[in-house]
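Notes for the one structure printed next.
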Amino acid sequence: MKVATRAHVPPFAVMEILAAANARRAAGADVLNLCAGEPSTGASEVVRQRAVELLTSGDLGYTEALGAPGLRAAIAAHYRTWYDVDVDPARIAVTTGSSGGFMLAFLAAFDVGDRVALARPGYPAYANILRALGCEVVELPCGPESRFQPTVAHLDAAGPLDGLVVASPANPTGTMIGASALADLAAWCADRGVRLVSDEIYHGITYDDDAQVATAAQYLDTGAVVVNSFSKYWAMTGWRLGWLVLPDDLVAPVDALAGNVALCPPALAQHAGVAAFSPDGYAAARANVERYAASRALLLERLPELGWTHVAPADGAFYLYADVSSTGLDSVTWCARLLDEAGVALTPGTDFDPVDGHRFVRLSFASSPAVVREAVDRIVRWQGTLAV
């Protein structure tokens with residue numbers, strides 16, 4: 001029987017590594033898992049308690065396709081508090097994670113054959129979803145010289161475009177796009193009728209108090225789309241809850257698509273998710289960021305021992321992306337041997353960059369500082385056994 005061409009996209013390698021690490025752990029091996037971008041703490045107590053209350057007496061039937069009004073209002077209030085940006089709740093679409101948000105946004109914004117640009121290295125699902133939808137992916141080679149982020153010069157060299165996907169802080173590099181740079185990219189897109197899609201799921205997870213965290217919600221009237229999620233800052237990965245902030249021209253199309261594709265996002269997660277915006281919810285999230293900051297500081301302090309080069313700045317998110325080619329191994333082999341011989345799971349850069357990723361690995365420091373410290377100890381010892 002026929003299998004659709006659109007289904008022939010590469011798997012997300014980090015999930016395969018995660019499965020291998022879990023299999024080793026189930027067999028009794030001691031494995032430290034630093035491959036997945038998943039906070040180890042899970043949802044805050046205030047969110048979990050609200051979920052218990054809802055399971056006992058709440059209405060968990062269908063919500064509106066674009067999400068429960070109370071949650072959309074809470075998200076709008078969040079934009080006023082964090083960014084001093086007024087967003088009409090009618091422009092907010094609650095989604096089944098940011099992944100569901102990207103699918104809806106791409107379906108609504110792009111046609112088959114449209115050329116959509118994105119940074120390389122970058123989150124692989126962007127390209128895979130776009131290709132599955134029949135779009136042409138234009139990879140922008142973004143290295144250390146541009147802090148692994150796209151610039152107007154990259155766009156000028158890319159030829160005609162229909163869309164641009166940016167991420168700040170970015171996965172896998174953790175680098176950020178400052179307010180002025182985001183304004184430049186937004187203006188370039190607006191002048192040329194290019195749809196800007198901004199992945200902001202790591203907002204809130206930054207390590208410089210003076211860092212400018214800019215949102216593309218400032219540019220909705222020029223057609224920009226914002227994607228965000230409860231998975232990272234609020235540590236609610238399995239709750240599958242995210243949102244879009246939409247320009248007016250995409251609200252009705254996304255509403256129609258959402259109703260047909262999923263009816264609505266998970267009702268329990270939506271109603272409990274409102275509690276994430278409470279003082280206790282924010283406090284729990286800030287405490288998580290403090291843990292990530294401690295792990296990040298430990299990693300940066302021990303970089304000389306690790307001997308890794310071309311390390312991305314890790315301004316935000318909870319990843320360290322680094323060149324390990326000095327070990328004499330490509331990143332796929334390096335990660336496979338590290339898991340087998342040292343019991344530490346990291347992700348090869350080939351998941352994020354099909355051209356240069358064979359040199360890079362991504363380490364997620366979303367675990368506790370104690371776990372990260374032990375992982376670094378093991379990596380240093382293991383690398384010492386390699387004959388270069």
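Naming scheme: A, B, ... for chains in displayed order of the structure tokens; residues 1 onward per chain; ligands 1 onward as shown.
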
Inset, instruction - Just the strand (DSSP E or B) stuff from region 145-266 of chain A, please, per backbone DSSP, written as a ChimeraX atom specification. - result: /A:163-167,195-199,206,225-229,242-245

Legend entry - Who sits within 10 Å of Thr350 (chain A), only C-alpha atoms, same chain under 2 positions skipped, as a list in words: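 Here the qualifying residues turn out to be Ala13, Pro121, Pro124, Asp330, Ser331, Val332, Thr347, Pro348, Phe352, Asp353, Pro354, Val355, Asp356, Gly357, His358, Arg359, Phe360, Val361 and Arg362 of chain A.
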
Selection export as a PDB file, in the first residue's frame, atoms kept: C-alpha atoms:
```
ATOM      1  CA  ALA A  13      16.923  11.535  17.089  1.00  0.00           C
ATOM      2  CA  PRO A 121      21.517  24.732  13.572  1.00  0.00           C
ATOM      3  CA  PRO A 124      14.558  19.884  13.633  1.00  0.00           C
ATOM      4  CA  ASP A 330      31.951  12.266  14.961  1.00  0.00           C
ATOM      5  CA  SER A 331      29.090  13.342  17.233  1.00  0.00           C
ATOM      6  CA  VAL A 332      26.877  10.300  16.549  1.00  0.00           C
ATOM      7  CA  THR A 347      22.277  14.397  21.766  1.00  0.00           C
ATOM      8  CA  PRO A 348      24.407  14.533  18.606  1.00  0.00           C
ATOM      9  CA  PHE A 352      19.950  20.074  14.605  1.00  0.00           C
ATOM     10  CA  ASP A 353      22.372  20.599  11.744  1.00  0.00           C
ATOM     11  CA  PRO A 354      22.684  18.131   8.838  1.00  0.00           C
ATOM     12  CA  VAL A 355      25.804  19.895   7.533  1.00  0.00           C
ATOM     13  CA  ASP A 356      28.047  20.659  10.516  1.00  0.00           C
ATOM     14  CA  GLY A 357      26.251  18.745  13.261  1.00  0.00           C
ATOM     15  CA  HIS A 358      28.658  15.811  13.028  1.00  0.00           C
ATOM     16  CA  ARG A 359      31.062  17.971  15.048  1.00  0.00           C
ATOM     17  CA  PHE A 360      28.657  19.139  17.768  1.00  0.00           C
ATOM     18  CA  VAL A 361      26.745  17.709  20.725  1.00  0.00           C
ATOM     19  CA  ARG A 362      23.956  19.180  22.822  1.00  0.00           C
TER      20      ARG A 362
END
```

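From CA of Glu38 (chain A) back to CA of Phe148 (chain A), the distance works out to 22.1 Å.
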
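Shell of Thr222 (chain A) at 10 Å, with only C-alpha atoms counted and residues fewer than 2 places along the chain excluded, is A:Ala186, A:Ala187, A:Cys189, A:Ala190, A:Asp191, A:Gly193, A:Val194, A:Arg195, A:Leu196, A:Ala216, A:Ala217, A:Gln218, A:Tyr219, A:Leu220, A:Ala224, A:Val225, A:Pro247, A:Asp248.
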
Inset, instruction - Tell me, as a list of chain:residue names, which residues lie within 7 Å of region 310-325 of chain A, counting only C-alpha atoms; anything in the same chain fewer than 6 positions away does not count. - result: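 Selected residues are A:Pro169, A:Pro172, A:Thr173, A:Gly174, A:Thr175, A:Met176, A:Tyr202, A:Ile205, A:Thr206, A:Tyr207, A:Tyr292, A:Arg359, A:Phe360, A:Val361, A:Arg362, A:Leu363, A:Ser364, A:Phe365, A:Ala366.
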
Legend entry - Residue with smallest distance to Arg381 (chain A) - pool A:Gly70, A:Phe102, A:Ala272, A:Glu305, counting only C-alpha atoms: A:Glu305

Inset, instruction - May I have the residues within 7 Å of Leu263 (chain A) as a list in words, using only C-alpha atoms and disregarding those fewer than 4 positions away in the same chain? - result: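 Here the qualifying residues turn out to be Ala65, Ala258 and Gly259 of chain A.
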
Proximity of region 247-277 of chain A to region 282-286 of chain A: per-residue shortest pair, 12 Å limit, only C-alpha atoms, as a tab-separated table:
```
residue	atom	partner	partner_atom	distance
A:Gly273	CA	A:Tyr282	CA	11.8
A:Val274	CA	A:Tyr282	CA	11.3
A:Ala275	CA	A:Tyr282	CA	9.2
A:Ala276	CA	A:Tyr282	CA	6.5
A:Phe277	CA	A:Tyr282	CA	6.2
```

Write out the residues from the selection above, keeping C-alpha atoms, as a short mmCIF file (atom, residue, chain, number, x, y, z; two decimals), in the first residue's frame.
```cif
data_model
loop_
_atom_site.label_atom_id
_atom_site.label_comp_id
_atom_site.auth_asym_id
_atom_site.auth_seq_id
_atom_site.Cartn_x
_atom_site.Cartn_y
_atom_site.Cartn_z
CA GLY A 273 -2.78 25.79 33.46
CA VAL A 274 -4.45 28.99 34.59
CA ALA A 275 -2.81 28.38 37.98
CA ALA A 276 0.63 28.63 36.36
CA PHE A 277 0.04 32.39 36.13
#
```

Inset, instruction - Work out how far apart CA of Leu306 (chain A) and CA of Ser326 (chain A) are and give it in Å to one decimal. - result: 10.6 Å
